[in-house]
Amino acid sequence: MATKQKFLSYKGRPLVRCGNTIYYGNPSDKFVLVMQIVTSKKIDDLDVADRVIVQLVNTDTTLPLNEQIVKKSEKRGLYAAMDIGTIWLERALSQE
């Protein structure tokens, strides 16, 4: 029996976490967002992302690796990373 997994979504796009890397966007689109949590800090008993590297990545695997990364930035906190990343992704996908 095949079971279809449902992913967490944000603004209508899939949001998947694998370790310290968060992928946002549909892999069948031309661009996706990749966020890597570099450091985290403890607040009470909870680990909270502190430094996050945000990358807008082209999903065309025929491109060399250095050309797949369209934009890159480092932000403080996951909220700031998602904020700028969703803007980049929306703009890139609207220009398709």
# chains A, B, ... in the order shown; residues from 1 in each chain; ligands from 1
>>> select_by_dssp(residues="chain A", states="strand (DSSP E)", output="PyMOL selection string")
chain A and resi 8-10+13-18+21-24+31-43+46-58+69-76
>>> write_last_selection(atoms="N, CA and C atoms", output="compact mmCIF listing (two decimals), in the first residue's frame")
# COMPACT_ATOMS: atom_id res chain seq x y z
N LEU A 8 4.72 19.61 5.83
CA LEU A 8 4.37 20.89 6.41
C LEU A 8 4.50 21.92 5.30
N SER A 9 3.58 22.85 5.23
CA SER A 9 3.67 23.87 4.18
C SER A 9 3.59 25.26 4.80
N TYR A 10 4.18 26.21 4.10
CA TYR A 10 4.18 27.61 4.50
C TYR A 10 3.88 28.42 3.25
N ARG A 13 3.67 26.36 -0.01
CA ARG A 13 4.82 25.63 -0.52
C ARG A 13 5.35 24.67 0.56
N PRO A 14 5.89 23.52 0.15
CA PRO A 14 6.40 22.56 1.13
C PRO A 14 7.59 23.11 1.92
N LEU A 15 7.65 22.73 3.19
CA LEU A 15 8.72 23.13 4.10
C LEU A 15 9.22 21.86 4.76
N VAL A 16 10.46 21.47 4.45
CA VAL A 16 11.01 20.19 4.92
C VAL A 16 12.33 20.44 5.63
N ARG A 17 12.48 19.83 6.81
CA ARG A 17 13.73 19.95 7.56
C ARG A 17 14.45 18.61 7.58
N CYS A 18 15.74 18.65 7.33
CA CYS A 18 16.59 17.46 7.39
C CYS A 18 17.83 17.85 8.17
N THR A 21 19.31 21.57 8.04
CA THR A 21 19.00 22.19 6.75
C THR A 21 17.50 22.18 6.54
N ILE A 22 16.97 23.33 6.11
CA ILE A 22 15.55 23.48 5.84
C ILE A 22 15.37 23.80 4.36
N TYR A 23 14.53 23.03 3.69
CA TYR A 23 14.23 23.25 2.28
C TYR A 23 12.82 23.83 2.17
N TYR A 24 12.69 24.90 1.40
CA TYR A 24 11.39 25.54 1.24
C TYR A 24 11.13 25.73 -0.24
N PHE A 31 13.19 27.26 -8.88
CA PHE A 31 14.00 27.67 -7.74
C PHE A 31 13.42 27.12 -6.44
N VAL A 32 14.31 26.87 -5.47
CA VAL A 32 13.91 26.53 -4.11
C VAL A 32 14.82 27.31 -3.16
N LEU A 33 14.41 27.34 -1.91
CA LEU A 33 15.17 28.04 -0.88
C LEU A 33 15.81 27.00 0.04
N VAL A 34 17.09 27.17 0.33
CA VAL A 34 17.80 26.28 1.23
C VAL A 34 18.34 27.12 2.38
N MET A 35 17.97 26.73 3.61
CA MET A 35 18.43 27.46 4.79
C MET A 35 19.21 26.50 5.68
N GLN A 36 20.44 26.87 5.99
CA GLN A 36 21.29 26.03 6.84
C GLN A 36 21.47 26.73 8.18
N ILE A 37 21.10 26.04 9.25
CA ILE A 37 21.28 26.58 10.60
C ILE A 37 22.72 26.34 11.00
N VAL A 38 23.49 27.43 11.13
CA VAL A 38 24.91 27.33 11.44
C VAL A 38 25.12 27.20 12.95
N THR A 39 24.47 28.07 13.71
CA THR A 39 24.57 28.00 15.17
C THR A 39 23.18 28.15 15.77
N SER A 40 23.03 27.62 16.96
CA SER A 40 21.78 27.78 17.69
C SER A 40 22.12 28.10 19.14
N LYS A 41 21.16 28.69 19.83
CA LYS A 41 21.38 29.02 21.24
C LYS A 41 20.23 28.45 22.06
N LYS A 42 20.50 28.21 23.32
CA LYS A 42 19.50 27.66 24.23
C LYS A 42 18.71 28.79 24.86
N ILE A 43 17.40 28.69 24.77
CA ILE A 43 16.51 29.59 25.49
C ILE A 43 15.62 28.67 26.32
N LEU A 46 14.95 25.03 25.11
CA LEU A 46 14.68 24.95 23.68
C LEU A 46 15.86 25.47 22.88
N ASP A 47 16.30 24.71 21.84
CA ASP A 47 17.33 25.19 20.92
C ASP A 47 16.68 26.09 19.88
N VAL A 48 17.18 27.31 19.75
CA VAL A 48 16.64 28.29 18.80
C VAL A 48 17.73 28.66 17.81
N ALA A 49 17.40 28.68 16.51
CA ALA A 49 18.36 29.01 15.47
C ALA A 49 18.89 30.43 15.68
N ASP A 50 20.21 30.58 15.61
CA ASP A 50 20.84 31.88 15.80
C ASP A 50 21.36 32.43 14.47
N ARG A 51 22.34 31.77 13.89
CA ARG A 51 22.87 32.18 12.58
C ARG A 51 22.37 31.21 11.52
N VAL A 52 21.79 31.76 10.45
CA VAL A 52 21.20 30.94 9.39
C VAL A 52 21.71 31.45 8.04
N ILE A 53 22.23 30.53 7.23
CA ILE A 53 22.64 30.87 5.86
C ILE A 53 21.47 30.59 4.94
N VAL A 54 21.07 31.59 4.16
CA VAL A 54 19.93 31.50 3.24
C VAL A 54 20.47 31.47 1.82
N GLN A 55 19.99 30.51 1.02
CA GLN A 55 20.42 30.41 -0.37
C GLN A 55 19.22 30.20 -1.28
N LEU A 56 19.15 30.98 -2.34
CA LEU A 56 18.18 30.76 -3.40
C LEU A 56 18.89 29.88 -4.43
N VAL A 57 18.35 28.68 -4.66
CA VAL A 57 19.04 27.68 -5.48
C VAL A 57 18.21 27.34 -6.71
N ASN A 58 18.89 27.30 -7.86
CA ASN A 58 18.27 26.86 -9.10
C ASN A 58 18.21 25.34 -9.08
N ILE A 69 23.62 28.27 -7.15
CA ILE A 69 23.31 29.22 -6.08
C ILE A 69 23.16 30.60 -6.69
N VAL A 70 21.93 31.12 -6.67
CA VAL A 70 21.62 32.40 -7.30
C VAL A 70 21.87 33.55 -6.33
N LYS A 71 21.41 33.41 -5.08
CA LYS A 71 21.61 34.43 -4.04
C LYS A 71 21.96 33.74 -2.75
N LYS A 72 22.74 34.46 -1.92
CA LYS A 72 23.15 33.88 -0.64
C LYS A 72 23.32 35.00 0.38
N SER A 73 22.90 34.73 1.62
CA SER A 73 23.02 35.71 2.69
C SER A 73 23.05 34.97 4.03
N GLU A 74 23.54 35.65 5.05
CA GLU A 74 23.51 35.10 6.40
C GLU A 74 22.65 36.02 7.25
N LYS A 75 21.72 35.43 7.99
CA LYS A 75 20.79 36.19 8.81
C LYS A 75 20.84 35.70 10.25
N ARG A 76 20.40 36.57 11.16
CA ARG A 76 20.29 36.22 12.57
C ARG A 76 18.86 35.77 12.84
>>> select_by_dssp(residues="chain A", states="alpha helix (DSSP H)", output="ChimeraX atom specification")
/A:65-68,78-94
>>> atom_distance(atom1="CA of Ala92 (chain A)", atom2="CA of Gln68 (chain A)")
13.1 Å
>>> atom_distance(atom1="CA of Met82 (chain A)", atom2="CA of Gly25 (chain A)")
11.6 Å
>>> decode(residues="region 45-72 of chain A", atoms="N, CA and C atoms", output="PDB file, in the first residue's frame")
ATOM      1  N   ASP A  45      14.809  25.493  27.769  1.00  0.00           N
ATOM      2  CA  ASP A  45      15.206  24.147  27.349  1.00  0.00           C
ATOM      3  C   ASP A  45      15.084  23.946  25.841  1.00  0.00           C
ATOM      4  N   LEU A  46      14.945  25.029  25.105  1.00  0.00           N
ATOM      5  CA  LEU A  46      14.675  24.949  23.680  1.00  0.00           C
ATOM      6  C   LEU A  46      15.863  25.470  22.879  1.00  0.00           C
ATOM      7  N   ASP A  47      16.297  24.715  21.843  1.00  0.00           N
ATOM      8  CA  ASP A  47      17.329  25.190  20.923  1.00  0.00           C
ATOM      9  C   ASP A  47      16.679  26.086  19.879  1.00  0.00           C
ATOM     10  N   VAL A  48      17.184  27.312  19.748  1.00  0.00           N
ATOM     11  CA  VAL A  48      16.639  28.286  18.804  1.00  0.00           C
ATOM     12  C   VAL A  48      17.734  28.660  17.808  1.00  0.00           C
ATOM     13  N   ALA A  49      17.397  28.675  16.510  1.00  0.00           N
ATOM     14  CA  ALA A  49      18.364  29.012  15.468  1.00  0.00           C
ATOM     15  C   ALA A  49      18.887  30.429  15.682  1.00  0.00           C
ATOM     16  N   ASP A  50      20.210  30.576  15.611  1.00  0.00           N
ATOM     17  CA  ASP A  50      20.839  31.881  15.802  1.00  0.00           C
ATOM     18  C   ASP A  50      21.361  32.430  14.473  1.00  0.00           C
ATOM     19  N   ARG A  51      22.342  31.772  13.887  1.00  0.00           N
ATOM     20  CA  ARG A  51      22.872  32.181  12.578  1.00  0.00           C
ATOM     21  C   ARG A  51      22.366  31.210  11.522  1.00  0.00           C
ATOM     22  N   VAL A  52      21.788  31.763  10.450  1.00  0.00           N
ATOM     23  CA  VAL A  52      21.200  30.939   9.386  1.00  0.00           C
ATOM     24  C   VAL A  52      21.712  31.446   8.036  1.00  0.00           C
ATOM     25  N   ILE A  53      22.228  30.531   7.226  1.00  0.00           N
ATOM     26  CA  ILE A  53      22.645  30.869   5.860  1.00  0.00           C
ATOM     27  C   ILE A  53      21.466  30.589   4.938  1.00  0.00           C
ATOM     28  N   VAL A  54      21.071  31.591   4.157  1.00  0.00           N
ATOM     29  CA  VAL A  54      19.933  31.495   3.238  1.00  0.00           C
ATOM     30  C   VAL A  54      20.468  31.467   1.817  1.00  0.00           C
ATOM     31  N   GLN A  55      19.993  30.507   1.016  1.00  0.00           N
ATOM     32  CA  GLN A  55      20.424  30.408  -0.374  1.00  0.00           C
ATOM     33  C   GLN A  55      19.216  30.201  -1.284  1.00  0.00           C
ATOM     34  N   LEU A  56      19.146  30.984  -2.341  1.00  0.00           N
ATOM     35  CA  LEU A  56      18.179  30.760  -3.404  1.00  0.00           C
ATOM     36  C   LEU A  56      18.889  29.880  -4.428  1.00  0.00           C
ATOM     37  N   VAL A  57      18.345  28.678  -4.663  1.00  0.00           N
ATOM     38  CA  VAL A  57      19.037  27.682  -5.479  1.00  0.00           C
ATOM     39  C   VAL A  57      18.212  27.335  -6.708  1.00  0.00           C
ATOM     40  N   ASN A  58      18.892  27.302  -7.859  1.00  0.00           N
ATOM     41  CA  ASN A  58      18.273  26.864  -9.105  1.00  0.00           C
ATOM     42  C   ASN A  58      18.214  25.340  -9.076  1.00  0.00           C
ATOM     43  N   THR A  59      17.089  24.751  -9.419  1.00  0.00           N
ATOM     44  CA  THR A  59      16.928  23.299  -9.360  1.00  0.00           C
ATOM     45  C   THR A  59      17.438  22.579 -10.601  1.00  0.00           C
ATOM     46  N   ASP A  60      17.987  23.311 -11.564  1.00  0.00           N
ATOM     47  CA  ASP A  60      18.543  22.704 -12.778  1.00  0.00           C
ATOM     48  C   ASP A  60      19.861  22.020 -12.421  1.00  0.00           C
ATOM     49  N   THR A  61      19.851  20.692 -12.384  1.00  0.00           N
ATOM     50  CA  THR A  61      21.042  19.943 -11.972  1.00  0.00           C
ATOM     51  C   THR A  61      22.110  19.865 -13.054  1.00  0.00           C
ATOM     52  N   THR A  62      21.816  20.349 -14.267  1.00  0.00           N
ATOM     53  CA  THR A  62      22.832  20.340 -15.319  1.00  0.00           C
ATOM     54  C   THR A  62      23.803  21.502 -15.156  1.00  0.00           C
ATOM     55  N   LEU A  63      23.432  22.502 -14.362  1.00  0.00           N
ATOM     56  CA  LEU A  63      24.323  23.635 -14.107  1.00  0.00           C
ATOM     57  C   LEU A  63      25.433  23.226 -13.150  1.00  0.00           C
ATOM     58  N   PRO A  64      26.623  23.842 -13.273  1.00  0.00           N
ATOM     59  CA  PRO A  64      27.666  23.597 -12.274  1.00  0.00           C
ATOM     60  C   PRO A  64      27.183  24.058 -10.896  1.00  0.00           C
ATOM     61  N   LEU A  65      27.707  23.441  -9.842  1.00  0.00           N
ATOM     62  CA  LEU A  65      27.246  23.706  -8.487  1.00  0.00           C
ATOM     63  C   LEU A  65      27.325  25.180  -8.112  1.00  0.00           C
ATOM     64  N   ASN A  66      28.411  25.855  -8.495  1.00  0.00           N
ATOM     65  CA  ASN A  66      28.551  27.270  -8.138  1.00  0.00           C
ATOM     66  C   ASN A  66      27.564  28.166  -8.885  1.00  0.00           C
ATOM     67  N   GLU A  67      27.018  27.716 -10.005  1.00  0.00           N
ATOM     68  CA  GLU A  67      26.025  28.500 -10.744  1.00  0.00           C
ATOM     69  C   GLU A  67      24.602  28.198 -10.275  1.00  0.00           C
ATOM     70  N   GLN A  68      24.410  27.118  -9.521  1.00  0.00           N
ATOM     71  CA  GLN A  68      23.080  26.789  -9.012  1.00  0.00           C
ATOM     72  C   GLN A  68      22.658  27.748  -7.909  1.00  0.00           C
ATOM     73  N   ILE A  69      23.624  28.267  -7.154  1.00  0.00           N
ATOM     74  CA  ILE A  69      23.309  29.215  -6.081  1.00  0.00           C
ATOM     75  C   ILE A  69      23.156  30.603  -6.693  1.00  0.00           C
ATOM     76  N   VAL A  70      21.935  31.119  -6.672  1.00  0.00           N
ATOM     77  CA  VAL A  70      21.620  32.403  -7.301  1.00  0.00           C
ATOM     78  C   VAL A  70      21.875  33.550  -6.334  1.00  0.00           C
ATOM     79  N   LYS A  71      21.413  33.411  -5.079  1.00  0.00           N
ATOM     80  CA  LYS A  71      21.609  34.434  -4.045  1.00  0.00           C
ATOM     81  C   LYS A  71      21.961  33.740  -2.745  1.00  0.00           C
ATOM     82  N   LYS A  72      22.737  34.457  -1.916  1.00  0.00           N
ATOM     83  CA  LYS A  72      23.152  33.884  -0.643  1.00  0.00           C
ATOM     84  C   LYS A  72      23.317  35.002   0.378  1.00  0.00           C
TER      85      LYS A  72
END
